[in-house]
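Engineer: Just dropping this structure here.
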2 protein chains.
Amino acid sequence: MVSQANVVVAQSGGPTAVINASACGVIQQAMKSDSIGRVFGATNGILGVLNEDLFDISAEKSQTIEALKRTPAAAIGSCRHKLKSLDESRADFERILDVFKAHNIRYFFYMGGNDSMDTADKVNKLAHAAGYELVCIGVPKTIDNDLAYTDHCPGYGSVAKYVATCAMEAGRDTEALYTADTCTILEVMGRNAGWIAAATGLAARSPQDAPHLIYMPEAAFSFDKLVTDVREVLKNIGRVFIVAGEGLKDDKGNYVTADSGAFGKDSFGHVQLGGAADMLKAVIEKEVGIKTRCNKLGTNQRSAMHFASLTDVHEAYMCGSAAVENALAGVNGKMVTLVRAEGPDYVSTTALAELIDVANGEKKVPKEYINESGNGVTEAMKDYVRPLVQGEAPLRIGQDGLPMFMRFERKAVQKKLAKYS
Amino acid sequence: MVSQANVVVAQSGGPTAVINASACGVIQQAMKSDSIGRVFGATNGILGVLNEDLFDISAEKSQTIEALKRTPAAAIGSCRHKLKSLDESRADFERILDVFKAHNIRYFFYMGGNDSMDTADKVNKLAHAAGYELVCIGVPKTIDNDLAYTDHCPGYGSVAKYVATCAMEAGRDTEALYTADTCTILEVMGRNAGWIAAATGLAARSPQDAPHLIYMPEAAFSFDKLVTDVREVLKNIGRVFIVAGEGLKDDKGNYVTADSGAFGKDSFGHVQLGGAADMLKAVIEKEVGIKTRCNKLGTNQRSAMHFASLTDVHEAYMCGSAAVENALAGVNGKMVTLVRAEGPDYVSTTALAELIDVANGEKKVPKEYINESGNGVTEAMKDYVRPLVQGEAPLRIGQDGLPMFMRFERKAVQKKLAKYS
């Protein structure tokens, strides 16, 4: 390895409350190392690399870097730019290598989900085919919790804590006002996996507690079943609180609702969802005849730093830090994973998985976590998620009573290459 | 006053994070008094009185009552049942008096908005016309902050703190991912008054910060202006974060969107709104051509105990406590108000207003709090709201990592009257 090699840190995909804690782990660990020169941030993920749009994180104040731990979203900047196969996107991959070479970048730490791990894997393979010494390590990040080879994903514990609390709180609202607003639907994220919806099961400590019904993409959804379920809950307790994943599908795998407009797909080709709750509301109001409200937390659920899980912040940091430790120890082409130790007490450690395996995997909520009726979760699911929501992440509150977040100063790294188009 | 007179405490309308803190103030203050016998809760507001559906709060554990301070929604139970004029609803009003007489109820503390103050005023007047000694005191409650004769309303500080924080956090999400999701709309409550939307202005400490545009019902809305505003912000900072009140109206006073279905009106006759953000999204995507996301916090904004304002909790308790103190001192037919002292430091005290005045009043966001373009707030608005969001209400967190809320045991008061229909 060339001495004083430089580092690129990049963030990709949908932000989370703790992806910046992972960045903090990478940055602080890298800045400790004598064999690392500068730590560069790639503005907006792989787009920043393609555009040679880098800034010098090493020049930032140490308190700015430390404050990453309590700042949500993706402070370096994220993107949804997906590279295709090596053959289809060869020019892009070669450009990435050119940028790395121009700035003596020998370490690439990429925080993201399976699409990002795919990109990191391809960059890594191309570098090695070209004889360029490069270490690519992935850092897991997704509120969806759908990455394979890891017990859970940084970002999930925080969204789980927040949406479960939101279900609990709005459930009390429905309980208070059931004579007027008898049914409430909380729509949560999760395109193909119901992990976020499932987490709200933790809020139901008793049959009185919300949520009373949880619908996840893993269990085939039908409106007939919905109406039956709602009538049953209504008969028992006089109100209904429903949590619905945005990606509900019928028994043929078709989405219950899918926006088919101009912006109906994201740039990774995924169908953009939304409106599942509205569909359910319309059916419940018509068939059951009870007033129904919809809450859609949207991007607020993935950015809710103000009630993030301390465990999640710690683990996110640990994953970032472990990525650098492993890279310096000669590991390459891997993603850091989280491992849950056996035993009664929750202990997590990091391990490694092949980038390519993570890229090609997807972990859905297993059958044993979903109840037989397909409208709730089991105790096993609650046992799985409970340790992940422990502790409240510290905030710094300003004199205006609101949280204080950091922003980088973003001292630009001078460009050395021609503009890329 | 008959010795050992009993008390009824009731909650009405949409829940808030702190209406239970007001209930706690009423209950704890009433239970201290030698001249008060039992404190009864009316299950679901005035419906509980009509149905003689009372429970004995005096029999509840003291820690249950204390925990009201950290439990959102309306633990006694709320409703949206509106009584009409004395002539139109005479039977109802007489039934209320019959129930009060049957249980020697001499104090009626009603927490709610202007409709509830109207009910309390009518009950009070009927009792006195009938020669029945009764004291009716109103306790202000509304996230909408639209009650006249009070500087602000308990419930507002907490929703303000929460939605401003949500705008700040989701704003960071849009900032991180603007290359894909360029625009976000946060839809907040506020049927006729834009106080909740206006509060989010506090989140914008710099031009980079969300929200960049705030639309309130007080400023005439037009889609042409929206498109111009969005293009302008986009040109300056490359992304747009919008806060939209649910009750936006055009220059003729027509709602931008109004659900006209079977449940299009609530039982007070108000048009049920929702979908303003969806309308704005559709126009922005079509006319400006940028992907737009919608977050609708719904009832989660008014029940967000997990990030409630400590100032709001204290003031809500103070209003409840002051209601009892005033009642015992011989005051009647009034609502407790909050008064902001002159001077550089924020100090609030309670005062009193006539129930009938509050019932007939409505306080909108004044012109001097809205910017000239009608798409944001002034420094005066920020100065108004800043003291109200100070401090974080304490929570008790369970071993499962989620907040602990109380529920009453609800020992029923034996009915003495025939069933009312």
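A note on labels: chains of the structure tokens are A, B, ... as shown, every chain counts residues from 1, and ligands are counted from 1 in their shown order.
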If we count only C-alpha atoms, what is near Ser309 in chain B at a cut-off of 12 Å, once residues fewer than 4 positions away on the same chain are taken out, given as an MDAnalysis selection string?
Structural biologist: (chainID A and resid 400:402) or (chainID B and resid 16:18 21 69:70 154:165 302:305 313:316 385:395)
Engineer: For the structure I just gave you, how does DSSP split range 99-180 of chain B - specifically, which residues are helix (DSSP H, G or I)? Reply as a ChimeraX atom specification.
Structural biologist: /B:99-102,114-129,156-176
Engineer: Give as a ChimeraX atom specification every residue of chain A that touches chain B within 6 Å, counting only C-alpha atoms.
Structural biologist: /A:73-74,77-79,169-170,172-173,176-177,295-300,303,386,389-390,400-401
Engineer: Residues within 12 Å of Tyr420 in chain A, please, as a PyMOL selection string. Count only C-alpha atoms; anything in the same chain fewer than 3 positions from it doesn't count.
Structural biologist: chain A and resi 47-53+91-92+94-96+98-99+415-417
Engineer: Can you work out which one of A:Met335, A:Leu280, A:Ala353, A:Ala210 has the shortest atom-to-atom distance to Pro140 in chain A, counting only C-alpha atoms?
Structural biologist: A:Met335
Engineer: From the options B:Cys183, B:Ala327, B:Val347, B:Cys136, which residue's atoms come nearest to Ser35 in chain B, counting only C-alpha atoms?
Structural biologist: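 Of B:Cys183, B:Ala327, B:Val347, B:Cys136, the one nearest Ser35 in chain B is B:Ala327, counting only C-alpha atoms.
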Engineer: Applying 8 Å and only C-alpha atoms, which residues near Lys122 in chain A remain after dropping the ones on its own chain fewer than 3 positions away? List them as an NGL selection string.
Structural biologist: :A and (86 or 93 or 118-119 or 125-126)
Engineer: Export N, CA and C atoms of the chosen residues as a PDB file, in the first residue's frame?
Structural biologist:
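Contents of selection10.pdb, as written:
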ATOM      1  N   LEU A  86     -20.800  -4.083 -15.248  1.00  0.00           N
ATOM      2  CA  LEU A  86     -19.506  -3.561 -15.694  1.00  0.00           C
ATOM      3  C   LEU A  86     -19.530  -3.253 -17.184  1.00  0.00           C
ATOM      4  N   PHE A  93     -17.421   3.204 -14.357  1.00  0.00           N
ATOM      5  CA  PHE A  93     -16.489   2.526 -13.445  1.00  0.00           C
ATOM      6  C   PHE A  93     -15.053   2.969 -13.697  1.00  0.00           C
ATOM      7  N   ASP A 118     -23.250  -3.517  -4.260  1.00  0.00           N
ATOM      8  CA  ASP A 118     -23.004  -3.968  -5.627  1.00  0.00           C
ATOM      9  C   ASP A 118     -22.021  -3.024  -6.326  1.00  0.00           C
ATOM     10  N   THR A 119     -22.249  -1.724  -6.178  1.00  0.00           N
ATOM     11  CA  THR A 119     -21.344  -0.727  -6.778  1.00  0.00           C
ATOM     12  C   THR A 119     -19.931  -0.883  -6.203  1.00  0.00           C
ATOM     13  N   LYS A 125     -13.521  -4.814  -7.991  1.00  0.00           N
ATOM     14  CA  LYS A 125     -13.055  -5.817  -8.963  1.00  0.00           C
ATOM     15  C   LYS A 125     -12.356  -5.165 -10.152  1.00  0.00           C
ATOM     16  N   LEU A 126     -12.911  -4.027 -10.595  1.00  0.00           N
ATOM     17  CA  LEU A 126     -12.288  -3.338 -11.726  1.00  0.00           C
ATOM     18  C   LEU A 126     -10.903  -2.831 -11.339  1.00  0.00           C
TER      19      LEU A 126
END
Engineer: Using only C-alpha atoms, pick whichever of A:Glu354, A:Asp312, A:Glu368, A:Glu133 has the shortest atom-to-atom distance to Glu218 in chain A.
Structural biologist: A:Glu368
